[in-house]
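Listing of entry_26.txt; format and content: compact mmCIF, C-alpha atoms and all ligand atoms.
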# COMPACT_ATOMS: atom_id res chain seq x y z
CA ARG Q 1 -170.65 70.57 181.22
CA SER Q 2 -173.78 68.50 181.48
CA TYR Q 3 -176.36 71.24 181.82
CA SER Q 4 -178.03 73.19 179.06
CA GLY Q 5 -180.14 76.25 179.69
CA THR Q 6 -182.85 77.66 177.51
CA PHE Q 7 -181.70 81.05 176.32
CA LYS Q 8 -183.70 83.88 174.88
CA LYS Q 9 -182.55 85.66 171.71
CA SER Q 10 -181.73 88.85 173.63
CA GLN Q 11 -179.17 86.99 175.69
CA LEU Q 12 -175.73 87.68 174.42
CA ARG Q 13 -172.95 85.18 174.10
CA LEU Q 14 -169.75 86.95 175.03
CA GLU Q 15 -167.19 86.40 172.31
CA GLY Q 16 -164.22 84.43 173.63
CA VAL Q 17 -165.81 83.67 177.04
CA LYS Q 18 -166.49 79.97 177.58
CA ASP Q 19 -168.67 80.12 180.69
CA VAL Q 20 -170.41 82.88 182.61
CA ILE Q 21 -171.47 82.10 186.16
CA ALA Q 22 -173.54 84.33 188.39
CA VAL Q 23 -172.76 84.56 192.09
CA ALA Q 24 -176.03 85.55 193.72
CA SER Q 25 -177.74 85.84 197.05
CA GLY Q 26 -181.32 86.56 198.00
CA LYS Q 27 -180.30 89.40 200.31
CA GLY Q 28 -177.31 91.61 201.10
CA GLY Q 29 -174.65 91.08 203.73
CA VAL Q 30 -174.30 87.31 203.47
CA GLY Q 31 -170.85 87.51 201.87
CA LYS Q 32 -171.79 87.26 198.19
CA SER Q 33 -169.05 89.67 197.02
CA THR Q 34 -166.42 88.20 199.35
CA THR Q 35 -167.23 84.75 197.99
CA ALA Q 36 -167.24 85.92 194.35
CA VAL Q 37 -163.83 87.58 194.76
CA ASN Q 38 -162.15 84.69 196.55
CA LEU Q 39 -163.64 82.10 194.20
CA ALA Q 40 -162.52 84.08 191.15
CA VAL Q 41 -158.96 84.27 192.52
CA ALA Q 42 -159.03 80.57 193.51
CA LEU Q 43 -160.25 79.61 190.01
CA ALA Q 44 -157.34 81.59 188.54
CA ILE Q 45 -154.55 80.66 190.95
CA LYS Q 46 -155.53 77.18 192.15
CA CYS Q 47 -157.42 75.87 189.10
CA GLN Q 48 -155.17 77.67 186.58
CA LEU Q 49 -158.08 79.04 184.56
CA LYS Q 50 -158.36 82.31 182.63
CA VAL Q 51 -160.78 84.20 184.84
CA GLY Q 52 -162.73 87.43 184.65
CA LEU Q 53 -164.68 89.08 187.46
CA LEU Q 54 -167.60 91.37 186.69
CA ASP Q 55 -168.83 93.36 189.67
CA ALA Q 56 -172.44 94.22 188.92
CA ASP Q 57 -173.32 95.04 192.52
CA VAL Q 58 -174.63 98.49 191.59
CA TYR Q 59 -175.48 99.66 195.07
CA GLY Q 60 -172.27 98.53 196.74
CA PRO Q 61 -169.49 97.63 194.32
CA SER Q 62 -166.74 95.89 196.29
CA VAL Q 63 -164.26 94.77 193.65
CA PRO Q 64 -162.23 98.04 193.58
CA MET Q 65 -161.50 97.67 197.31
CA MET Q 66 -161.32 93.89 197.59
CA MET Q 67 -159.07 93.55 194.51
CA LYS Q 68 -157.12 96.75 195.24
CA ILE Q 69 -157.80 98.46 191.93
CA ASP Q 70 -157.90 102.21 192.04
CA ARG Q 71 -158.08 103.48 188.48
CA LYS Q 72 -160.44 103.78 185.59
CA PRO Q 73 -160.34 101.26 182.73
CA ASP Q 74 -158.75 102.15 179.39
CA ILE Q 75 -161.00 102.19 176.35
CA THR Q 76 -160.40 100.36 173.06
CA GLU Q 77 -160.77 102.02 169.66
CA ASP Q 78 -164.23 100.54 169.30
CA LYS Q 79 -165.17 102.07 172.66
CA LYS Q 80 -165.06 98.97 174.81
CA MET Q 81 -163.71 99.06 178.35
CA ILE Q 82 -160.58 97.02 179.01
CA PRO Q 83 -160.76 95.06 182.28
CA ILE Q 84 -158.04 95.72 184.84
CA GLU Q 85 -156.03 92.72 186.01
CA ASN Q 86 -154.90 91.93 189.53
CA TYR Q 87 -154.11 88.62 191.28
CA GLY Q 88 -154.47 86.84 187.93
CA VAL Q 89 -158.07 87.97 187.45
CA LYS Q 90 -159.38 90.46 184.86
CA CYS Q 91 -161.75 92.78 186.70
CA MET Q 92 -164.51 95.15 185.69
CA SER Q 93 -166.61 96.96 188.24
CA ILE Q 94 -169.39 99.44 188.15
CA GLY Q 95 -167.32 101.07 190.92
CA PHE Q 96 -164.55 101.96 188.41
CA LEU Q 97 -167.00 104.26 186.71
CA VAL Q 98 -168.15 106.30 189.68
CA GLU Q 99 -166.26 108.51 192.12
CA LYS Q 100 -165.19 106.58 195.21
CA ASP Q 101 -167.25 108.33 197.85
CA ALA Q 102 -170.13 109.45 195.66
CA PRO Q 103 -173.42 107.98 196.74
CA ILE Q 104 -174.78 105.69 194.08
CA VAL Q 105 -178.27 107.10 194.07
CA TRP Q 106 -179.16 106.02 190.60
CA ARG Q 107 -182.68 105.81 189.38
CA GLY Q 108 -183.83 102.54 187.83
CA PRO Q 109 -183.21 103.36 184.14
CA MET Q 110 -179.68 104.64 184.86
CA VAL Q 111 -178.87 101.48 186.75
CA MET Q 112 -180.18 99.40 183.88
CA SER Q 113 -178.18 101.23 181.21
CA ALA Q 114 -175.04 101.04 183.37
CA LEU Q 115 -175.57 97.29 183.75
CA VAL Q 116 -176.08 96.78 180.05
CA LYS Q 117 -172.83 98.70 179.45
CA MET Q 118 -171.10 96.38 181.90
CA THR Q 119 -172.35 93.31 180.05
CA ARG Q 120 -171.90 94.41 176.44
CA GLY Q 121 -169.24 97.11 176.59
CA VAL Q 122 -166.26 95.16 177.97
CA ASP Q 123 -163.43 93.62 175.97
CA TRP Q 124 -162.75 90.44 177.99
CA GLY Q 125 -160.49 88.71 175.47
CA ASN Q 126 -160.37 84.94 175.95
CA LEU Q 127 -161.69 83.64 179.25
CA ASP Q 128 -162.45 80.18 180.58
CA ILE Q 129 -164.85 81.60 183.10
CA LEU Q 130 -166.42 84.94 183.89
CA VAL Q 131 -167.61 85.26 187.49
CA VAL Q 132 -170.39 87.79 187.91
CA ASP Q 133 -170.95 89.35 191.32
CA MET Q 134 -174.68 89.94 190.90
CA PRO Q 135 -176.70 92.77 192.42
CA PRO Q 136 -178.29 91.52 195.66
CA GLY Q 137 -181.94 90.53 195.74
CA THR Q 138 -184.30 89.41 193.03
CA GLY Q 139 -185.51 92.59 191.34
CA ASP Q 140 -185.08 94.39 188.02
CA ALA Q 141 -181.29 94.68 188.21
CA GLN Q 142 -180.91 90.90 188.47
CA LEU Q 143 -183.32 90.34 185.61
CA THR Q 144 -181.41 92.83 183.43
CA MET Q 145 -178.24 90.83 184.04
CA THR Q 146 -179.83 87.46 183.33
CA GLN Q 147 -181.44 88.84 180.18
CA ASN Q 148 -178.22 90.37 178.88
CA LEU Q 149 -175.75 87.62 179.67
CA GLN Q 150 -175.96 84.05 178.55
CA LEU Q 151 -175.38 82.58 181.99
CA SER Q 152 -174.05 79.03 182.17
CA GLY Q 153 -175.34 78.77 185.71
CA ALA Q 154 -175.84 80.45 189.05
CA LEU Q 155 -174.20 79.85 192.36
CA ILE Q 156 -176.22 80.83 195.42
CA VAL Q 157 -174.43 82.18 198.50
CA SER Q 158 -176.24 81.95 201.80
CA THR Q 159 -175.46 81.84 205.50
CA PRO Q 160 -176.93 78.91 207.42
CA GLN Q 161 -179.55 81.23 208.90
CA ASP Q 162 -183.24 80.70 208.17
CA ILE Q 163 -183.99 84.19 206.92
CA ALA Q 164 -181.01 84.20 204.55
CA LEU Q 165 -182.14 80.82 203.27
CA LEU Q 166 -185.65 82.00 202.68
CA ASP Q 167 -184.28 84.78 200.50
CA ALA Q 168 -181.88 82.35 198.84
CA ARG Q 169 -184.88 80.23 197.80
CA ARG Q 170 -186.35 83.30 196.13
CA GLY Q 171 -183.07 83.71 194.23
CA VAL Q 172 -183.20 80.09 193.12
CA ASN Q 173 -186.76 80.55 191.87
CA MET Q 174 -185.81 83.64 189.88
CA PHE Q 175 -183.05 81.79 188.02
CA SER Q 176 -185.31 78.80 187.44
CA LYS Q 177 -187.94 81.08 185.90
CA VAL Q 178 -185.49 82.47 183.35
CA GLY Q 179 -184.02 79.05 182.59
CA VAL Q 180 -180.63 79.48 184.27
CA PRO Q 181 -179.37 76.25 185.87
CA ILE Q 182 -178.42 76.37 189.55
CA LEU Q 183 -174.84 75.17 189.96
CA GLY Q 184 -175.27 74.83 193.70
CA PHE Q 185 -175.15 76.48 197.12
CA VAL Q 186 -172.14 77.87 198.94
CA GLU Q 187 -172.63 78.26 202.68
CA ASN Q 188 -170.79 81.31 204.02
CA MET Q 189 -170.12 81.99 207.70
CA SER Q 190 -170.78 78.29 208.37
CA PHE Q 191 -169.07 78.31 211.75
CA PHE Q 192 -166.48 80.18 213.79
CA LYS Q 193 -163.53 78.23 215.12
CA CYS Q 194 -162.43 79.64 218.45
CA PRO Q 195 -158.77 80.66 218.17
CA HIS Q 196 -158.26 79.80 221.86
CA CYS Q 197 -159.87 76.40 222.32
CA GLY Q 198 -160.42 75.33 218.69
CA GLU Q 199 -164.11 74.52 219.26
CA PRO Q 200 -166.43 75.46 216.38
CA SER Q 201 -169.41 77.71 217.18
CA PHE Q 202 -172.36 77.65 214.81
CA ILE Q 203 -173.24 81.31 215.11
CA PHE Q 204 -175.83 81.40 212.32
CA GLY Q 205 -177.09 77.85 212.82
CA LYS Q 206 -175.71 74.56 211.57
CA GLU Q 207 -175.74 73.24 208.00
CA GLY Q 208 -178.74 75.35 206.99
CA ALA Q 209 -177.57 75.89 203.41
CA ARG Q 210 -176.41 72.30 203.05
CA ASN Q 211 -179.85 71.05 204.09
CA ALA Q 212 -181.68 73.59 201.92
CA ALA Q 213 -179.62 72.53 198.90
CA ALA Q 214 -180.46 68.89 199.57
CA SER Q 215 -184.18 69.59 200.03
CA MET Q 216 -184.31 71.52 196.75
CA GLY Q 217 -182.30 68.90 194.89
CA HIS Q 218 -179.30 71.17 194.27
CA ASN Q 219 -175.58 70.59 194.74
CA PHE Q 220 -173.76 71.76 197.84
CA LEU Q 221 -170.48 73.27 196.67
CA GLY Q 222 -168.75 74.11 199.93
CA GLU Q 223 -168.73 75.79 203.31
CA ILE Q 224 -166.67 78.84 204.23
CA PRO Q 225 -166.13 79.58 207.93
CA LEU Q 226 -166.46 83.00 209.52
CA GLU Q 227 -162.86 84.11 209.90
CA VAL Q 228 -161.03 87.33 210.67
CA ASP Q 229 -158.55 86.77 207.81
CA VAL Q 230 -161.37 86.79 205.28
CA ARG Q 231 -162.68 90.14 206.47
CA LYS Q 232 -159.16 91.57 206.76
CA GLY Q 233 -158.25 90.39 203.27
CA SER Q 234 -161.30 92.12 201.83
CA ASP Q 235 -160.64 95.36 203.67
CA GLU Q 236 -156.95 95.42 202.76
CA GLY Q 237 -157.50 94.47 199.15
CA ILE Q 238 -155.51 91.24 199.34
CA PRO Q 239 -157.92 88.29 199.15
CA VAL Q 240 -157.12 85.62 201.75
CA VAL Q 241 -156.52 83.13 198.91
CA ILE Q 242 -153.50 85.31 198.02
CA SER Q 243 -152.35 86.46 201.48
CA ALA Q 244 -152.55 83.02 203.11
CA PRO Q 245 -152.60 80.50 200.24
CA ASP Q 246 -151.91 77.46 202.45
CA SER Q 247 -154.47 78.24 205.16
CA VAL Q 248 -157.54 76.16 205.92
CA ILE Q 249 -159.76 78.97 204.68
CA SER Q 250 -157.92 79.14 201.32
CA LYS Q 251 -158.35 75.40 201.00
CA ALA Q 252 -162.09 75.86 201.59
CA TYR Q 253 -162.24 78.37 198.72
CA GLY Q 254 -160.03 76.14 196.55
CA ASP Q 255 -162.25 73.10 197.15
CA THR Q 256 -165.38 75.12 196.42
CA ALA Q 257 -163.80 76.45 193.21
CA GLN Q 258 -163.01 72.88 192.15
CA ASN Q 259 -166.65 71.92 192.72
CA VAL Q 260 -167.84 74.80 190.54
P1 LIG X 301 -172.64 90.90 200.35
O1 LIG X 301 -171.90 90.98 199.04
O2 LIG X 301 -173.50 89.66 200.43
O3 LIG X 301 -173.39 92.12 200.72
P2 LIG X 301 -170.02 91.06 201.59
O4 LIG X 301 -169.21 90.10 200.76
O5 LIG X 301 -169.85 92.51 201.33
O6 LIG X 301 -171.57 90.67 201.50
O7 LIG X 301 -169.75 90.71 203.11
C1 LIG X 301 -170.37 91.40 204.16
C2 LIG X 301 -169.36 91.58 205.30
O8 LIG X 301 -169.03 90.32 205.87
C3 LIG X 301 -168.04 92.19 204.85
O9 LIG X 301 -167.59 93.05 205.88
C4 LIG X 301 -167.11 91.00 204.70
O10 LIG X 301 -165.75 91.32 204.90
C5 LIG X 301 -167.62 90.07 205.78
N1 LIG X 301 -167.47 88.63 205.46
C6 LIG X 301 -168.02 87.96 204.43
N2 LIG X 301 -167.71 86.64 204.48
C7 LIG X 301 -166.93 86.49 205.59
C8 LIG X 301 -166.28 85.35 206.20
N3 LIG X 301 -166.38 84.13 205.69
N4 LIG X 301 -165.57 85.58 207.33
C9 LIG X 301 -165.46 86.84 207.86
N5 LIG X 301 -166.06 87.93 207.35
C10 LIG X 301 -166.79 87.75 206.21

Would you give me this structure, written as structure tokens?
Amino acid sequence: RSYSGTFKKSQLRLEGVKDVIAVASGKGGVGKSTTAVNLAVALAIKCQLKVGLLDADVYGPSVPMMMKIDRKPDITEDKKMIPIENYGVKCMSIGFLVEKDAPIVWRGPMVMSALVKMTRGVDWGNLDILVVDMPPGTGDAQLTMTQNLQLSGALIVSTPQDIALLDARRGVNMFSKVGVPILGFVENMSFFKCPHCGEPSFIFGKEGARNAAASMGHNFLGEIPLEVDVRKGSDEGIPVVISAPDSVISKAYGDTAQNV
């Protein structure tokens, strides 16, 4: 890879993990977790890489549902958690550690110590790439993650909408401040293709993330349409990349994964 970040001493290199990439968004609800999950599976299945997925979305962990994993991780003799594999991806989620329907009303310090445990207390084995589904926003939780993981780069997920982009810019600035290179933007919910007439509708505006990436001098990694199969796949715990591997939407994730 051509980039090189400036890392602080506290940042930990994970033994056996070649690259750690953060999937981030400035605000919630733009499809950050959906993108992280489908990209992780595409990197494993389509790019044939050894992939891990770390769900650090403390306030709404989605990996247990989206990756259909419903058990707690085993623990090694030296007290590290063993990730649980599904669809070719080794997964660890803050959601494995809490009861399913319990509200995650953690105070700041508890969130921080849980996040540190998620970064340092997992036995990943050998991985080509660890995809981190970051907590949404640009506050303390994100900083804890960037300070405790030696991130190779960050991928910013945004819809084409102005407000999402504004928040995305904030995300970009946060990573820049801590010396983490921006790998590029992924535009989610780029358009909706009418199943009846085939016409695309640009529900959240057109090419907003593509233009923002260009204006900030960052790469544009791909666009993912708004599609029922994506939502269904997440709800049913079978990512669309697995349930419909030859679909246009899977190709969009595959192409984006290649660009990463
Ligand atoms: P975030 O992690 O940013 O909060 P999620 O990944 O949880 O967002 O997505 C929010 C909602 O939008 C979920 O219900 C998800 O299934 C849906 N969603 C995300 N991306 C798409 C897409 N490309 N097409 C259809 N639904 C999507």

Contacts of chain Q with ligand LIG 301 (chain X) up to 10 Å, shortest pair per row, all atoms listed in the file, as a Markdown table:
| residue | atom | partner | partner_atom | distance |
| --- | --- | --- | --- | --- |
| Q:Val23 | CA | X:LIG301 | O1 | 9.5 |
| Q:Ala24 | CA | X:LIG301 | O2 | 8.3 |
| Q:Ser25 | CA | X:LIG301 | O2 | 6.6 |
| Q:Gly26 | CA | X:LIG301 | O2 | 8.8 |
| Q:Lys27 | CA | X:LIG301 | O2 | 6.8 |
| Q:Gly28 | CA | X:LIG301 | O3 | 4.0 |
| Q:Gly29 | CA | X:LIG301 | O3 | 3.4 |
| Q:Val30 | CA | X:LIG301 | O2 | 3.9 |
| Q:Gly31 | CA | X:LIG301 | O4 | 3.3 |
| Q:Lys32 | CA | X:LIG301 | O2 | 3.7 |
| Q:Ser33 | CA | X:LIG301 | O1 | 3.7 |
| Q:Thr34 | CA | X:LIG301 | O4 | 3.7 |
| Q:Thr35 | CA | X:LIG301 | O4 | 6.3 |
| Q:Ala36 | CA | X:LIG301 | O4 | 7.9 |
| Q:Val37 | CA | X:LIG301 | O4 | 8.4 |
| Q:Asn38 | CA | X:LIG301 | O4 | 9.8 |
| Q:Asp57 | CA | X:LIG301 | O1 | 7.8 |
| Q:Tyr59 | CA | X:LIG301 | O3 | 9.7 |
| Q:Gly60 | CA | X:LIG301 | O3 | 7.6 |
| Q:Pro61 | CA | X:LIG301 | O1 | 8.5 |
| Q:Ser62 | CA | X:LIG301 | O5 | 6.8 |
| Q:Val63 | CA | X:LIG301 | O5 | 9.8 |
| Q:Met66 | CA | X:LIG301 | O10 | 8.9 |
| Q:Asp133 | CA | X:LIG301 | O1 | 7.9 |
| Q:Met134 | CA | X:LIG301 | O1 | 8.7 |
| Q:Pro135 | CA | X:LIG301 | O1 | 8.4 |
| Q:Pro136 | CA | X:LIG301 | O2 | 7.0 |
| Q:Gly137 | CA | X:LIG301 | O2 | 9.7 |
| Q:Val157 | CA | X:LIG301 | O2 | 7.8 |
| Q:Ser158 | CA | X:LIG301 | O2 | 8.3 |
| Q:Thr159 | CA | X:LIG301 | N2 | 9.2 |
| Q:Glu187 | CA | X:LIG301 | N3 | 9.1 |
| Q:Asn188 | CA | X:LIG301 | N3 | 5.5 |
| Q:Met189 | CA | X:LIG301 | N3 | 4.8 |
| Q:Ser190 | CA | X:LIG301 | N3 | 7.8 |
| Q:Phe191 | CA | X:LIG301 | N3 | 8.8 |
| Q:Phe192 | CA | X:LIG301 | N4 | 8.5 |
| Q:Glu223 | CA | X:LIG301 | N3 | 9.0 |
| Q:Ile224 | CA | X:LIG301 | N3 | 5.5 |
| Q:Pro225 | CA | X:LIG301 | N3 | 5.1 |
| Q:Leu226 | CA | X:LIG301 | N4 | 3.5 |
| Q:Glu227 | CA | X:LIG301 | N4 | 4.0 |
| Q:Val228 | CA | X:LIG301 | C9 | 5.3 |
| Q:Asp229 | CA | X:LIG301 | C9 | 6.9 |
| Q:Val230 | CA | X:LIG301 | N4 | 4.8 |
| Q:Arg231 | CA | X:LIG301 | O10 | 3.6 |
| Q:Lys232 | CA | X:LIG301 | O10 | 6.9 |
| Q:Gly233 | CA | X:LIG301 | O10 | 7.7 |
| Q:Ser234 | CA | X:LIG301 | O10 | 5.5 |
| Q:Asp235 | CA | X:LIG301 | O10 | 6.6 |
| Q:Glu236 | CA | X:LIG301 | O10 | 9.9 |
| Q:Ile249 | CA | X:LIG301 | N3 | 8.5 |
| Q:Tyr253 | CA | X:LIG301 | N3 | 9.9 |

Using the selection just defined, write its residues with C-alpha atoms as a tab-separated table (two decimals), keeping the file's coordinate frame.
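Below is the file again35.tsv, written as the result:
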chain	number	residue	atom	x	y	z
Q	23	VAL	CA	-172.76	84.56	192.09
Q	24	ALA	CA	-176.03	85.55	193.72
Q	25	SER	CA	-177.74	85.84	197.05
Q	26	GLY	CA	-181.32	86.56	198.00
Q	27	LYS	CA	-180.30	89.40	200.31
Q	28	GLY	CA	-177.31	91.61	201.10
Q	29	GLY	CA	-174.65	91.08	203.73
Q	30	VAL	CA	-174.30	87.31	203.47
Q	31	GLY	CA	-170.85	87.51	201.87
Q	32	LYS	CA	-171.79	87.26	198.19
Q	33	SER	CA	-169.05	89.67	197.02
Q	34	THR	CA	-166.42	88.20	199.35
Q	35	THR	CA	-167.23	84.75	197.99
Q	36	ALA	CA	-167.24	85.92	194.35
Q	37	VAL	CA	-163.83	87.58	194.76
Q	38	ASN	CA	-162.15	84.69	196.55
Q	57	ASP	CA	-173.32	95.04	192.52
Q	59	TYR	CA	-175.48	99.66	195.07
Q	60	GLY	CA	-172.27	98.53	196.74
Q	61	PRO	CA	-169.49	97.63	194.32
Q	62	SER	CA	-166.74	95.89	196.29
Q	63	VAL	CA	-164.26	94.77	193.65
Q	66	MET	CA	-161.32	93.89	197.59
Q	133	ASP	CA	-170.95	89.35	191.32
Q	134	MET	CA	-174.68	89.94	190.90
Q	135	PRO	CA	-176.70	92.77	192.42
Q	136	PRO	CA	-178.29	91.52	195.66
Q	137	GLY	CA	-181.94	90.53	195.74
Q	157	VAL	CA	-174.43	82.18	198.50
Q	158	SER	CA	-176.24	81.95	201.80
Q	159	THR	CA	-175.46	81.84	205.50
Q	187	GLU	CA	-172.63	78.26	202.68
Q	188	ASN	CA	-170.79	81.31	204.02
Q	189	MET	CA	-170.12	81.99	207.70
Q	190	SER	CA	-170.78	78.29	208.37
Q	191	PHE	CA	-169.07	78.31	211.75
Q	192	PHE	CA	-166.48	80.18	213.79
Q	223	GLU	CA	-168.73	75.79	203.31
Q	224	ILE	CA	-166.67	78.84	204.23
Q	225	PRO	CA	-166.13	79.58	207.93
Q	226	LEU	CA	-166.46	83.00	209.52
Q	227	GLU	CA	-162.86	84.11	209.90
Q	228	VAL	CA	-161.03	87.33	210.67
Q	229	ASP	CA	-158.55	86.77	207.81
Q	230	VAL	CA	-161.37	86.79	205.28
Q	231	ARG	CA	-162.68	90.14	206.47
Q	232	LYS	CA	-159.16	91.57	206.76
Q	233	GLY	CA	-158.25	90.39	203.27
Q	234	SER	CA	-161.30	92.12	201.83
Q	235	ASP	CA	-160.64	95.36	203.67
Q	236	GLU	CA	-156.95	95.42	202.76
Q	249	ILE	CA	-159.76	78.97	204.68
Q	253	TYR	CA	-162.24	78.37	198.72

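Here the question is which of Q:Val186, Q:Ile163, Q:Ala257, Q:Ile238 gets nearest to Gln48 in chain Q using only C-alpha atoms, and that residue is Q:Ala257.
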
If I wrap all listed atoms of range 45-62 of chain Q in a box with edges along x, y and z and add 4 Å on each side, what are its centre and edge lengths in Å to one decimal, as lines of an AutoDock Vina configuration file?
center_x = -165.0
center_y = 87.8
center_z = 189.7
size_x = 28.9
size_y = 31.8
size_z = 22.1

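Distances from Q:Met112, Q:Ala22, Q:Leu155, Q:Leu43 to Gly254 in chain Q were compared using all atoms listed in the file, and the smallest one belongs to Q:Leu43.
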
For Val241 in chain Q, the nearest of the candidates Q:Met118, Q:Ile45, Q:Leu166, Q:Leu183, counting all atoms listed in the file: Q:Ile45

Å distance separating CA of Glu85 in chain Q from CA of Pro239 in chain Q, one decimal place: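 Separation between CA of Glu85 in chain Q and CA of Pro239 in chain Q: 14.0 Å.
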
Tell me which residues come within 8 Å of (-166.4, 76.3, 186.6), as a compact mmCIF listing (two decimals) with C-alpha atoms, keeping the file's coordinate frame, counting only C-alpha atoms in the file's coordinates.
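For reference, point-v9.txt as written:
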# COMPACT_ATOMS: atom_id res chain seq x y z
CA ASP Q 19 -168.67 80.12 180.69
CA ILE Q 21 -171.47 82.10 186.16
CA LEU Q 43 -160.25 79.61 190.01
CA ILE Q 129 -164.85 81.60 183.10
CA ALA Q 257 -163.80 76.45 193.21
CA GLN Q 258 -163.01 72.88 192.15
CA ASN Q 259 -166.65 71.92 192.72
CA VAL Q 260 -167.84 74.80 190.54

Contacts of Val58 in chain Q at 9 Å (all atoms listed in the file; same-chain gap of 4+ positions) as an mmCIF file with C-alpha atoms, in the frame of the given file:
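The file below, selection.cif, is the result:
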data_model
loop_
_atom_site.group_PDB
_atom_site.id
_atom_site.type_symbol
_atom_site.label_atom_id
_atom_site.label_comp_id
_atom_site.auth_asym_id
_atom_site.auth_seq_id
_atom_site.Cartn_x
_atom_site.Cartn_y
_atom_site.Cartn_z
ATOM 1 C CA SER Q 93 -166.610 96.960 188.240
ATOM 2 C CA ILE Q 94 -169.390 99.440 188.150
ATOM 3 C CA GLY Q 95 -167.320 101.070 190.920
ATOM 4 C CA ILE Q 104 -174.780 105.690 194.080
ATOM 5 C CA TRP Q 106 -179.160 106.020 190.600
ATOM 6 C CA VAL Q 111 -178.870 101.480 186.750
ATOM 7 C CA ALA Q 114 -175.040 101.040 183.370
ATOM 8 C CA LEU Q 115 -175.570 97.290 183.750
ATOM 9 C CA MET Q 134 -174.680 89.940 190.900
ATOM 10 C CA PRO Q 135 -176.700 92.770 192.420
ATOM 11 C CA PRO Q 136 -178.290 91.520 195.660
ATOM 12 C CA ALA Q 141 -181.290 94.680 188.210
#

Identify the residues within 12 Å of coordinate (-181.2, 90.6, 182.5) (same frame as the file), considering all atoms listed in the file, and give the answer as an mmCIF file with C-alpha atoms, keeping the file's coordinate frame.
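Output saved as result-v5.cif:
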data_model
loop_
_atom_site.group_PDB
_atom_site.id
_atom_site.type_symbol
_atom_site.label_atom_id
_atom_site.label_comp_id
_atom_site.auth_asym_id
_atom_site.auth_seq_id
_atom_site.Cartn_x
_atom_site.Cartn_y
_atom_site.Cartn_z
ATOM 1 C CA PHE Q 7 -181.700 81.050 176.320
ATOM 2 C CA LYS Q 8 -183.700 83.880 174.880
ATOM 3 C CA LYS Q 9 -182.550 85.660 171.710
ATOM 4 C CA SER Q 10 -181.730 88.850 173.630
ATOM 5 C CA GLN Q 11 -179.170 86.990 175.690
ATOM 6 C CA LEU Q 12 -175.730 87.680 174.420
ATOM 7 C CA ALA Q 22 -173.540 84.330 188.390
ATOM 8 C CA ALA Q 56 -172.440 94.220 188.920
ATOM 9 C CA VAL Q 111 -178.870 101.480 186.750
ATOM 10 C CA MET Q 112 -180.180 99.400 183.880
ATOM 11 C CA SER Q 113 -178.180 101.230 181.210
ATOM 12 C CA LEU Q 115 -175.570 97.290 183.750
ATOM 13 C CA VAL Q 116 -176.080 96.780 180.050
ATOM 14 C CA MET Q 118 -171.100 96.380 181.900
ATOM 15 C CA THR Q 119 -172.350 93.310 180.050
ATOM 16 C CA ARG Q 120 -171.900 94.410 176.440
ATOM 17 C CA MET Q 134 -174.680 89.940 190.900
ATOM 18 C CA PRO Q 135 -176.700 92.770 192.420
ATOM 19 C CA THR Q 138 -184.300 89.410 193.030
ATOM 20 C CA GLY Q 139 -185.510 92.590 191.340
ATOM 21 C CA ASP Q 140 -185.080 94.390 188.020
ATOM 22 C CA ALA Q 141 -181.290 94.680 188.210
ATOM 23 C CA GLN Q 142 -180.910 90.900 188.470
ATOM 24 C CA LEU Q 143 -183.320 90.340 185.610
ATOM 25 C CA THR Q 144 -181.410 92.830 183.430
ATOM 26 C CA MET Q 145 -178.240 90.830 184.040
ATOM 27 C CA THR Q 146 -179.830 87.460 183.330
ATOM 28 C CA GLN Q 147 -181.440 88.840 180.180
ATOM 29 C CA ASN Q 148 -178.220 90.370 178.880
ATOM 30 C CA LEU Q 149 -175.750 87.620 179.670
ATOM 31 C CA GLN Q 150 -175.960 84.050 178.550
ATOM 32 C CA LEU Q 151 -175.380 82.580 181.990
ATOM 33 C CA MET Q 174 -185.810 83.640 189.880
ATOM 34 C CA PHE Q 175 -183.050 81.790 188.020
ATOM 35 C CA VAL Q 178 -185.490 82.470 183.350
ATOM 36 C CA GLY Q 179 -184.020 79.050 182.590
ATOM 37 C CA VAL Q 180 -180.630 79.480 184.270
#

Contact residues around Leu97 in chain Q with only C-alpha atoms at 10 Å, ignoring same-chain residues under 5 positions, as a PyMOL selection string: chain Q and resi 71-73+92+114

Copy range 208-225 of chain Q out of the block into a file, keeping C-alpha atoms, as a tab-separated table (two decimals), in the first residue's frame.
chain	number	residue	atom	x	y	z
Q	208	GLY	CA	-23.33	13.97	-3.52
Q	209	ALA	CA	-20.67	11.70	-2.03
Q	210	ARG	CA	-18.84	11.36	-5.33
Q	211	ASN	CA	-18.62	15.15	-5.63
Q	212	ALA	CA	-17.65	15.61	-1.98
Q	213	ALA	CA	-14.85	13.06	-2.36
Q	214	ALA	CA	-13.58	14.89	-5.44
Q	215	SER	CA	-13.73	18.31	-3.75
Q	216	MET	CA	-11.78	17.01	-0.75
Q	217	GLY	CA	-9.24	15.21	-2.92
Q	218	HIS	CA	-10.25	11.72	-1.77
Q	219	ASN	CA	-10.96	8.55	-3.73
Q	220	PHE	CA	-14.48	7.50	-4.60
Q	221	LEU	CA	-14.70	3.77	-3.98
Q	222	GLY	CA	-18.18	2.92	-5.17
Q	223	GLU	CA	-21.91	3.51	-5.11
Q	224	ILE	CA	-24.48	1.16	-3.60
Q	225	PRO	CA	-28.13	1.57	-4.64
